[in-house]
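Visitor: Structure provided below as structure tokens; questions to follow.
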Amino acid sequence: MFSAEVEKRSKEHENQRQESERLALRKKDVRRNVHKYDRRGGGRTKASGGGRGLKRIRQQKEKHAELAARTSARMELLLNEDAGCVEAEGAERTFRYRQSEMAAAVPVAAAQNYFDLQLEQLGPYSLSYSRNGRNLLIGGAKGHIATMDWREKRLVTEFNVREAVRDVQFLHNEMLFAVAQKRSVYIYDHTGMELHCLKRHSHVNRLTFLPYHFLLVTADDHGTLRYLDTSTGQSVAEIRTRLGALKCVAQNPRNAVVQLGHFNGSVSLWSPSVSSPLAKIQCHRGPLTSLAVDTPGHYLLTAAMDSTVKVWDMRTYQPLHTYKMPRPAISMDISGRGLLAVGRGRQVSIWRDVFSQKQLSPYLTHGVKGEICSLQFCPFEDCLGIGHALGFSSMLTPGSGEPNFDALEANPFQTKRQRQEAEVKQLLEKIPPELIQIESDSIARLRKTSGVEEEEVGEEGGSRERRGTRVGGKTLALKRQKSREHFARAKRRTAVHKELENQKRSQTGDKSDCSDEAGAQKNIILARFRK
């Protein structure tokens with residue numbers, strides 16, 4: 001009896017010890033993952049300048065940011081789904097595996113992602129997936145347009161515009177999409193009905209959509225970049241780049257800055273609120289063929305006619321790695337998990353971990369029957385869409401899709417009611433286009449300097465005061481600034497009064513001198529008559 005009680009207590013102590021070890025490991029994981037969600041630049045910022053009210057506001061913001069980072073890191077424990085991958089045994093290589101072999105090894109639901117659409121007479125095709133990855137839009141160069149629910153293999157709409165199609169793009173959801181046709185850009189609904197004709201957007205080569213700003217961006221043959229607000233129908237900006245035809249367009253998901261590739265091998269960054277490029281990077285010596293930006297917005301990939309693909313760090317604007325391809329890359333795309341797809345000729349190669357270190361061989365390869373026109377990874381799915389000259393193909397890419405999705409951001413299983421509510425929420429949370437800039441985190445920061453800055457002496461010897469903006473609150477620096485402005489105005493006023501008095505005195509002095517001279521001449525004349 002005594003031994004059974006001792007054994008029971010020992011088991012309880014062992015369970016408590018294991019539970020404490022699990023809690024300790026969870027705390028370590030939380031501390032390790034806090035930096036991923038920290039939006040303060042990697043640490044606590046020092047409060048410099050300002051009064052007590054401003055310091056209190058800064059401390060409150062620091063507490064809120066730290067609490068948000070800890071909560072996000074703690075919630076990561078609930079994301080129990082893990083992305084899969086293909087692993088080779090022994091001397092085998094993953095890029096030697098065929099798609100048919102992979103389709104036979106994976107479950108039936110995943111094997112359905114591997115299929116081909118033979119459309120030989122209407123290609124080459126460009127494609128676009130909806131934000132939740134449920135719908136697919138394809139557009140043939142000879143006017144064929146089709147939208148489908150590719151998971152259920154159900155055709156939604158299909159029609160022919162009887163005109164050349166250069167690019168297609170879904171808007172904020174699958175209910176609306178834009179088509180860049182030969183002369184203008186047209187907006188259609190999910191039934192194929194034409195809603196708008198954007199005649200000012202003529203000879204457009206590429207389309208892209210900024211979902212958080214509701215902006216449709218078009219780039220044409222004349223080197224003009226246009227921004228259109230799809231929620232109001234108003235033109236936001238029309239920028240002439242003066243850098244030739246625009247055929248390479250990519251957007252940074254982090255800050256919504258549009259990046260353009262040019263024939264001189266450079267990449268320029270644009271915002272609708274600025275008529276000149278925010279930055280320029282000389283990437284290659286030859287014309288660029290494709291651009292791609294990763295989901296966090298830290299890395300840029302460029303491909304040129306010299307058959308090279310370069311990886312650039314957008315935080316330092318410096319190249320990291322260079323890959324030499326057998327042929328120039330026509331199209332590139334980066335998945336949500338960081339896989340890179342490169343399409344050249346009739347071959348597609350998938351690369352892993354291209355940002356951390358230079359890879360010697362690709363992760364997967366696949367060949368199609370026609371010349372590749374466009375590539376795009378399907379969101380939240382392990383598949384890659386390929387538009388080529390003979391139709392459309394979908395290949396399996398294990399590890400490319402994000403397994404844990406945010407249903408409030410993009411829900412692959414949303415209903416009609418949820419789609420309507422999400423659309424209203426997106427419109428209410430629309431970000432103004434004026435906030436698009438390279439450093440998006442600087443909007444929530446405070447200026448370190450306050451008050452009156454140093455005076456700059458001009459070329460003519462004059463002085464110009466540069467006054468800082470008011471940070472907020474009735475601080476001591478603000479009071480000093482007001483007193484200095486008051487004394488400067490009083491000093492300027494007294495100087496003006498003195499100058500006016502001197503001018504009056506000089507005028508009265510001149511009149512008295514003139515009267516004296518006239519009186520002397522009169523006396524001389526009278527003296528002559530007296531003689």
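In the structure tokens, chains take letters A, B, ... by order of appearance, with residues numbered from 1 within each chain and ligands from 1 in the order shown.
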Would you mind listing what lies within 8 Å of segment 252-258 of chain A as an mmCIF file with all heavy atoms, in the first residue's frame, with only C-alpha atoms counted and same-chain residues fewer than 6 positions away left out?
Guide:
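This went into result_27.cif:
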data_model
loop_
_atom_site.group_PDB
_atom_site.id
_atom_site.type_symbol
_atom_site.label_atom_id
_atom_site.label_comp_id
_atom_site.auth_asym_id
_atom_site.auth_seq_id
_atom_site.Cartn_x
_atom_site.Cartn_y
_atom_site.Cartn_z
ATOM 1 N N LEU A 210 -2.599 47.124 -56.146
ATOM 2 C CA LEU A 210 -2.223 47.327 -54.750
ATOM 3 C C LEU A 210 -3.468 47.131 -53.899
ATOM 4 O O LEU A 210 -4.342 48.016 -53.854
ATOM 5 C CB LEU A 210 -1.641 48.732 -54.549
ATOM 6 C CG LEU A 210 -0.505 49.126 -55.502
ATOM 7 C CD1 LEU A 210 -0.033 50.540 -55.208
ATOM 8 C CD2 LEU A 210 0.653 48.152 -55.398
ATOM 9 N N LEU A 269 12.338 52.887 -58.467
ATOM 10 C CA LEU A 269 11.271 52.732 -57.476
ATOM 11 C C LEU A 269 10.388 53.969 -57.517
ATOM 12 O O LEU A 269 10.891 55.106 -57.492
ATOM 13 C CB LEU A 269 11.855 52.547 -56.076
ATOM 14 C CG LEU A 269 12.399 51.162 -55.714
ATOM 15 C CD1 LEU A 269 13.618 50.799 -56.558
ATOM 16 C CD2 LEU A 269 12.785 51.103 -54.232
ATOM 17 N N TRP A 270 9.056 53.748 -57.541
ATOM 18 C CA TRP A 270 8.111 54.843 -57.759
ATOM 19 C C TRP A 270 7.007 54.839 -56.721
ATOM 20 O O TRP A 270 6.605 53.793 -56.213
ATOM 21 C CB TRP A 270 7.485 54.729 -59.156
ATOM 22 C CG TRP A 270 8.494 54.845 -60.256
ATOM 23 C CD1 TRP A 270 9.235 53.833 -60.796
ATOM 24 C CD2 TRP A 270 8.895 56.034 -60.943
ATOM 25 N NE1 TRP A 270 10.063 54.310 -61.767
ATOM 26 C CE2 TRP A 270 9.875 55.660 -61.884
ATOM 27 C CE3 TRP A 270 8.513 57.373 -60.862
ATOM 28 C CZ2 TRP A 270 10.477 56.586 -62.735
ATOM 29 C CZ3 TRP A 270 9.106 58.286 -61.713
ATOM 30 C CH2 TRP A 270 10.073 57.898 -62.635
ATOM 31 N N SER A 271 6.529 56.065 -56.464
ATOM 32 C CA SER A 271 5.385 56.294 -55.584
ATOM 33 C C SER A 271 4.443 57.279 -56.272
ATOM 34 O O SER A 271 4.908 58.190 -56.974
ATOM 35 C CB SER A 271 5.852 56.858 -54.236
ATOM 36 O OG SER A 271 4.750 57.262 -53.449
ATOM 37 N N VAL A 293 9.790 40.319 -56.178
ATOM 38 C CA VAL A 293 10.041 40.778 -54.808
ATOM 39 C C VAL A 293 9.429 39.775 -53.855
ATOM 40 O O VAL A 293 8.313 39.289 -54.075
ATOM 41 C CB VAL A 293 9.452 42.180 -54.557
ATOM 42 C CG1 VAL A 293 9.843 42.695 -53.176
ATOM 43 C CG2 VAL A 293 9.918 43.163 -55.627
ATOM 44 N N ASP A 294 10.148 39.441 -52.775
ATOM 45 C CA ASP A 294 9.622 38.478 -51.811
ATOM 46 C C ASP A 294 8.523 39.100 -50.962
ATOM 47 O O ASP A 294 8.318 40.315 -50.966
ATOM 48 C CB ASP A 294 10.751 37.930 -50.934
ATOM 49 C CG ASP A 294 11.325 38.994 -50.019
ATOM 50 O OD1 ASP A 294 11.287 40.188 -50.398
ATOM 51 O OD2 ASP A 294 11.812 38.650 -48.930
ATOM 52 N N THR A 295 7.806 38.272 -50.224
ATOM 53 C CA THR A 295 6.652 38.734 -49.454
ATOM 54 C C THR A 295 7.026 39.726 -48.355
ATOM 55 O O THR A 295 6.346 40.746 -48.193
ATOM 56 C CB THR A 295 5.902 37.533 -48.858
ATOM 57 O OG1 THR A 295 5.522 36.650 -49.926
ATOM 58 C CG2 THR A 295 4.657 37.979 -48.112
ATOM 59 N N PRO A 296 8.082 39.516 -47.545
ATOM 60 C CA PRO A 296 8.449 40.542 -46.558
ATOM 61 C C PRO A 296 8.971 41.829 -47.165
ATOM 62 O O PRO A 296 9.045 42.843 -46.478
ATOM 63 C CB PRO A 296 9.536 39.844 -45.718
ATOM 64 C CG PRO A 296 9.342 38.395 -45.944
ATOM 65 C CD PRO A 296 8.850 38.273 -47.345
ATOM 66 N N GLY A 297 9.340 41.824 -48.440
ATOM 67 C CA GLY A 297 9.799 43.029 -49.107
ATOM 68 C C GLY A 297 11.252 43.376 -48.873
ATOM 69 O O GLY A 297 11.641 44.530 -49.084
ATOM 70 N N ILE A 436 2.433 56.026 -49.418
ATOM 71 C CA ILE A 436 3.329 55.060 -50.059
ATOM 72 C C ILE A 436 4.734 55.648 -50.108
ATOM 73 O O ILE A 436 4.962 56.680 -50.752
ATOM 74 C CB ILE A 436 2.840 54.711 -51.472
ATOM 75 C CG1 ILE A 436 1.455 54.048 -51.408
ATOM 76 C CG2 ILE A 436 3.829 53.800 -52.184
ATOM 77 C CD1 ILE A 436 0.872 53.721 -52.757
ATOM 78 N N GLN A 437 5.671 55.029 -49.447
ATOM 79 C CA GLN A 437 7.061 55.461 -49.435
ATOM 80 C C GLN A 437 7.943 54.259 -49.124
ATOM 81 O O GLN A 437 7.461 53.190 -48.765
ATOM 82 C CB GLN A 437 7.283 56.572 -48.415
ATOM 83 C CG GLN A 437 6.858 56.206 -47.004
ATOM 84 C CD GLN A 437 7.029 57.360 -46.047
ATOM 85 O OE1 GLN A 437 7.609 58.375 -46.386
ATOM 86 N NE2 GLN A 437 6.526 57.214 -44.845
ATOM 87 N N ILE A 438 9.249 54.452 -49.288
ATOM 88 C CA ILE A 438 10.174 53.330 -49.111
ATOM 89 C C ILE A 438 10.189 52.879 -47.661
ATOM 90 O O ILE A 438 10.058 51.690 -47.358
ATOM 91 C CB ILE A 438 11.576 53.728 -49.588
ATOM 92 C CG1 ILE A 438 11.571 53.968 -51.101
ATOM 93 C CG2 ILE A 438 12.579 52.627 -49.256
ATOM 94 C CD1 ILE A 438 12.903 54.381 -51.656
ATOM 95 N N GLU A 439 10.348 53.807 -46.727
ATOM 96 C CA GLU A 439 10.387 53.478 -45.301
ATOM 97 C C GLU A 439 8.984 53.633 -44.746
ATOM 98 O O GLU A 439 8.605 54.697 -44.252
ATOM 99 C CB GLU A 439 11.380 54.368 -44.570
ATOM 100 C CG GLU A 439 12.828 54.182 -45.034
ATOM 101 C CD GLU A 439 13.787 55.053 -44.254
ATOM 102 O OE1 GLU A 439 13.306 55.801 -43.378
ATOM 103 O OE2 GLU A 439 14.988 55.005 -44.529
ATOM 104 N N SER A 440 8.195 52.571 -44.823
ATOM 105 C CA SER A 440 6.823 52.644 -44.354
ATOM 106 C C SER A 440 6.724 52.741 -42.837
ATOM 107 O O SER A 440 5.734 53.250 -42.310
ATOM 108 C CB SER A 440 6.044 51.412 -44.837
ATOM 109 O OG SER A 440 6.660 50.217 -44.367
#
Visitor: Write out as an mmCIF file with N, CA, C and O atoms, in the first residue's frame which residues come within 9 Å of Phe170 of chain A when counting only C-alpha atoms, dropping same-chain ones fewer than 4 positions away.
Guide:
data_model
loop_
_atom_site.group_PDB
_atom_site.id
_atom_site.type_symbol
_atom_site.label_atom_id
_atom_site.label_comp_id
_atom_site.auth_asym_id
_atom_site.auth_seq_id
_atom_site.Cartn_x
_atom_site.Cartn_y
_atom_site.Cartn_z
ATOM 1 N N SER A 128 -3.394 35.099 -63.612
ATOM 2 C CA SER A 128 -3.483 35.810 -62.335
ATOM 3 C C SER A 128 -4.354 35.004 -61.389
ATOM 4 O O SER A 128 -5.453 34.570 -61.767
ATOM 5 N N TYR A 129 -3.858 34.789 -60.162
ATOM 6 C CA TYR A 129 -4.635 34.140 -59.102
ATOM 7 C C TYR A 129 -5.276 35.212 -58.218
ATOM 8 O O TYR A 129 -4.718 36.304 -58.030
ATOM 9 N N SER A 130 -6.432 34.892 -57.663
ATOM 10 C CA SER A 130 -7.058 35.786 -56.695
ATOM 11 C C SER A 130 -6.261 35.771 -55.388
ATOM 12 O O SER A 130 -5.396 34.924 -55.166
ATOM 13 N N ARG A 131 -6.542 36.714 -54.517
ATOM 14 C CA ARG A 131 -5.765 36.860 -53.283
ATOM 15 C C ARG A 131 -5.887 35.635 -52.385
ATOM 16 O O ARG A 131 -4.939 35.270 -51.704
ATOM 17 N N LEU A 136 -8.815 31.409 -60.677
ATOM 18 C CA LEU A 136 -7.743 31.569 -61.652
ATOM 19 C C LEU A 136 -8.274 32.326 -62.850
ATOM 20 O O LEU A 136 -9.368 32.054 -63.348
ATOM 21 N N LEU A 137 -7.496 33.303 -63.324
ATOM 22 C CA LEU A 137 -7.815 34.103 -64.493
ATOM 23 C C LEU A 137 -6.713 33.922 -65.527
ATOM 24 O O LEU A 137 -5.528 34.096 -65.204
ATOM 25 N N GLU A 174 -12.265 38.192 -56.497
ATOM 26 C CA GLU A 174 -12.486 37.509 -57.771
ATOM 27 C C GLU A 174 -13.701 38.017 -58.521
ATOM 28 O O GLU A 174 -13.979 37.537 -59.641
ATOM 29 N N MET A 175 -14.423 39.001 -58.000
ATOM 30 C CA MET A 175 -15.611 39.516 -58.667
ATOM 31 C C MET A 175 -15.282 40.495 -59.781
ATOM 32 O O MET A 175 -16.105 40.725 -60.671
ATOM 33 N N LEU A 176 -14.102 41.119 -59.756
ATOM 34 C CA LEU A 176 -13.699 42.085 -60.769
ATOM 35 C C LEU A 176 -12.290 41.766 -61.238
ATOM 36 O O LEU A 176 -11.445 41.325 -60.445
ATOM 37 N N PHE A 177 -12.046 42.007 -62.517
ATOM 38 C CA PHE A 177 -10.697 41.823 -63.039
ATOM 39 C C PHE A 177 -10.469 42.801 -64.191
ATOM 40 O O PHE A 177 -11.416 43.280 -64.841
ATOM 41 N N ALA A 178 -9.192 43.120 -64.430
ATOM 42 C CA ALA A 178 -8.786 44.067 -65.474
ATOM 43 C C ALA A 178 -8.040 43.319 -66.564
ATOM 44 O O ALA A 178 -7.289 42.375 -66.282
ATOM 45 N N VAL A 179 -8.231 43.764 -67.803
ATOM 46 C CA VAL A 179 -7.595 43.155 -68.967
ATOM 47 C C VAL A 179 -6.929 44.264 -69.774
ATOM 48 O O VAL A 179 -7.599 45.241 -70.157
ATOM 49 N N THR A 208 -0.685 45.659 -62.441
ATOM 50 C CA THR A 208 -0.535 45.170 -61.074
ATOM 51 C C THR A 208 -1.522 45.929 -60.201
ATOM 52 O O THR A 208 -1.937 47.048 -60.538
ATOM 53 N N PHE A 209 -1.901 45.320 -59.093
ATOM 54 C CA PHE A 209 -2.929 45.894 -58.224
ATOM 55 C C PHE A 209 -2.405 45.962 -56.800
ATOM 56 O O PHE A 209 -1.840 44.985 -56.288
#
Visitor: Identify all residues of segment 202-451 of chain A in alpha helix (DSSP H) (DSSP on the backbone) and supply them as a PyMOL selection string.
Guide: chain A and resi 416-428
Visitor: With N, CA and C atoms kept, could you save the residues just selected as a CSV table (one decimal), in the first residue's frame?
Guide:
chain,number,residue,atom,x,y,z
A,416,LYS,N,-20.1,33.6,-49.5
A,416,LYS,CA,-20.6,34.9,-50.1
A,416,LYS,C,-20.7,36.0,-49.1
A,417,ARG,N,-21.3,35.7,-47.9
A,417,ARG,CA,-21.5,36.7,-46.9
A,417,ARG,C,-20.1,37.2,-46.4
A,418,GLN,N,-19.2,36.3,-46.2
A,418,GLN,CA,-17.9,36.7,-45.7
A,418,GLN,C,-17.1,37.5,-46.7
A,419,ARG,N,-17.3,37.2,-48.0
A,419,ARG,CA,-16.7,38.0,-49.0
A,419,ARG,C,-17.2,39.4,-49.0
A,420,GLN,N,-18.5,39.6,-48.9
A,420,GLN,CA,-19.1,40.9,-48.8
A,420,GLN,C,-18.6,41.7,-47.6
A,421,GLU,N,-18.6,41.1,-46.4
A,421,GLU,CA,-18.1,41.7,-45.2
A,421,GLU,C,-16.6,42.1,-45.4
A,422,ALA,N,-15.8,41.2,-46.0
A,422,ALA,CA,-14.4,41.5,-46.2
A,422,ALA,C,-14.2,42.7,-47.1
A,423,GLU,N,-15.1,42.8,-48.1
A,423,GLU,CA,-15.0,44.0,-49.1
A,423,GLU,C,-15.3,45.3,-48.4
A,424,VAL,N,-16.3,45.3,-47.5
A,424,VAL,CA,-16.6,46.5,-46.8
A,424,VAL,C,-15.5,46.9,-45.8
A,425,LYS,N,-14.9,45.9,-45.2
A,425,LYS,CA,-13.8,46.1,-44.3
A,425,LYS,C,-12.6,46.7,-45.0
A,426,GLN,N,-12.3,46.2,-46.2
A,426,GLN,CA,-11.2,46.7,-47.0
A,426,GLN,C,-11.4,48.1,-47.4
A,427,LEU,N,-12.6,48.5,-47.7
A,427,LEU,CA,-12.9,49.9,-48.1
A,427,LEU,C,-12.7,50.8,-46.9
A,428,LEU,N,-13.2,50.4,-45.8
A,428,LEU,CA,-13.0,51.2,-44.6
A,428,LEU,C,-11.6,51.4,-44.1
Visitor: Please identify which residues in segment 280-458 of chain A DSSP calls strand (DSSP E) from the backbone, and express them as a PyMOL selection string.
Guide: chain A and resi 280-282+288-293+299-304+308-313+318-324+331-334+340-344+347-351+364-367+372-377+383-388+391-396+456-457
Visitor: Restricting the calculation to only C-alpha atoms, which member of A:Val156, A:Val161, A:Ala389, A:Ala488 is positioned closest to Ala180 of chain A?
Guide: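 Looking only at the distances to Ala180 of chain A, the closest residue turns out to be A:Val161.
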Visitor: Given the choices A:Phe380, A:Tyr97, A:Trp150, A:Phe214, which gets closest to Gln234 of chain A if the distance is worked out from only C-alpha atoms?
Guide: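 Going through A:Phe380, A:Tyr97, A:Trp150, A:Phe214 one by one, the smallest distance to Gln234 of chain A is for A:Phe214.
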Visitor: To one decimal in Å, tell me the separation between atom CA of Lys280 of chain A and atom CA of Val185 of chain A.
Guide: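 Result for atom CA of Lys280 of chain A versus atom CA of Val185 of chain A: 28.2 Å, one decimal.
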Visitor: May I ask which of the residues A:Arg489, A:Lys61, A:His196, A:His213 is the closest one to Gly233 of chain A, counting only C-alpha atoms?
Guide: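 Closest residue, counting only C-alpha atoms: A:His196.
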Visitor: How many Å lie between atom CA of Leu384 of chain A and atom CA of Val354 of chain A, rounded to one decimal?
Guide: 17.7 Å
Visitor: Measuring atom to atom with only C-alpha atoms, identify which of A:Lys498, A:His190, A:His64, A:His172 is nearest to Leu155 of chain A.
Guide: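 With only C-alpha atoms as the atom set, the closest residue is A:His190.
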Visitor: Between A:Ala219, A:Ile372, A:Val348, A:Leu291, which one has atoms that come closest to Leu396 of chain A, using only C-alpha atoms?
Guide: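 For Leu396 of chain A, the nearest of the candidates is A:Val348.
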Visitor: Write out as a VMD selection string which residues come within 9 Å of segment 304-313 of chain A when counting only C-alpha atoms, dropping same-chain ones fewer than 3 positions away.
Guide: chain A and resid 265 283 to 290 298 to 301 316 to 330 354 to 355
Visitor: Export C-alpha atoms of the chosen residues as a PDB file, in the first residue's frame?
Guide:
ATOM      1  CA  GLY A 265      19.642  47.521 -66.945  1.00  0.00           C
ATOM      2  CA  CYS A 283      21.512  46.038 -61.711  1.00  0.00           C
ATOM      3  CA  HIS A 284      22.686  44.733 -65.111  1.00  0.00           C
ATOM      4  CA  ARG A 285      24.466  45.895 -68.224  1.00  0.00           C
ATOM      5  CA  GLY A 286      21.747  44.676 -70.569  1.00  0.00           C
ATOM      6  CA  PRO A 287      17.954  45.031 -70.772  1.00  0.00           C
ATOM      7  CA  LEU A 288      15.929  43.548 -67.926  1.00  0.00           C
ATOM      8  CA  THR A 289      13.442  40.773 -68.651  1.00  0.00           C
ATOM      9  CA  SER A 290      11.746  40.126 -65.286  1.00  0.00           C
ATOM     10  CA  HIS A 298      13.479  42.688 -48.176  1.00  0.00           C
ATOM     11  CA  TYR A 299      14.859  41.082 -51.346  1.00  0.00           C
ATOM     12  CA  LEU A 300      14.617  41.881 -55.049  1.00  0.00           C
ATOM     13  CA  LEU A 301      15.424  39.492 -57.890  1.00  0.00           C
ATOM     14  CA  THR A 316      21.261  48.116 -48.382  1.00  0.00           C
ATOM     15  CA  TYR A 317      20.734  48.106 -52.186  1.00  0.00           C
ATOM     16  CA  GLN A 318      23.647  45.700 -52.556  1.00  0.00           C
ATOM     17  CA  PRO A 319      23.811  42.427 -54.572  1.00  0.00           C
ATOM     18  CA  LEU A 320      23.992  39.185 -52.601  1.00  0.00           C
ATOM     19  CA  HIS A 321      24.221  36.351 -55.156  1.00  0.00           C
ATOM     20  CA  THR A 322      24.373  35.937 -58.919  1.00  0.00           C
ATOM     21  CA  TYR A 323      23.047  32.897 -60.817  1.00  0.00           C
ATOM     22  CA  LYS A 324      23.963  32.084 -64.395  1.00  0.00           C
ATOM     23  CA  MET A 325      21.128  30.504 -66.400  1.00  0.00           C
ATOM     24  CA  PRO A 326      21.351  28.617 -69.721  1.00  0.00           C
ATOM     25  CA  ARG A 327      18.856  31.071 -71.267  1.00  0.00           C
ATOM     26  CA  PRO A 328      17.440  34.484 -70.263  1.00  0.00           C
ATOM     27  CA  ALA A 329      14.652  34.224 -67.686  1.00  0.00           C
ATOM     28  CA  ILE A 330      11.345  35.397 -69.150  1.00  0.00           C
ATOM     29  CA  VAL A 354      18.216  31.654 -52.498  1.00  0.00           C
ATOM     30  CA  PHE A 355      18.325  34.572 -50.037  1.00  0.00           C
TER      31      PHE A 355
END
Visitor: If we count only C-alpha atoms and set the cut-off at 12 Å, which residues sit around Asp220 of chain A, ignoring sequence neighbours fewer than 3 positions away in its own chain? Please answer as a PyMOL selection string.
Guide: chain A and resi 166-167+180-185+200-207+217+223-226+238-249+260
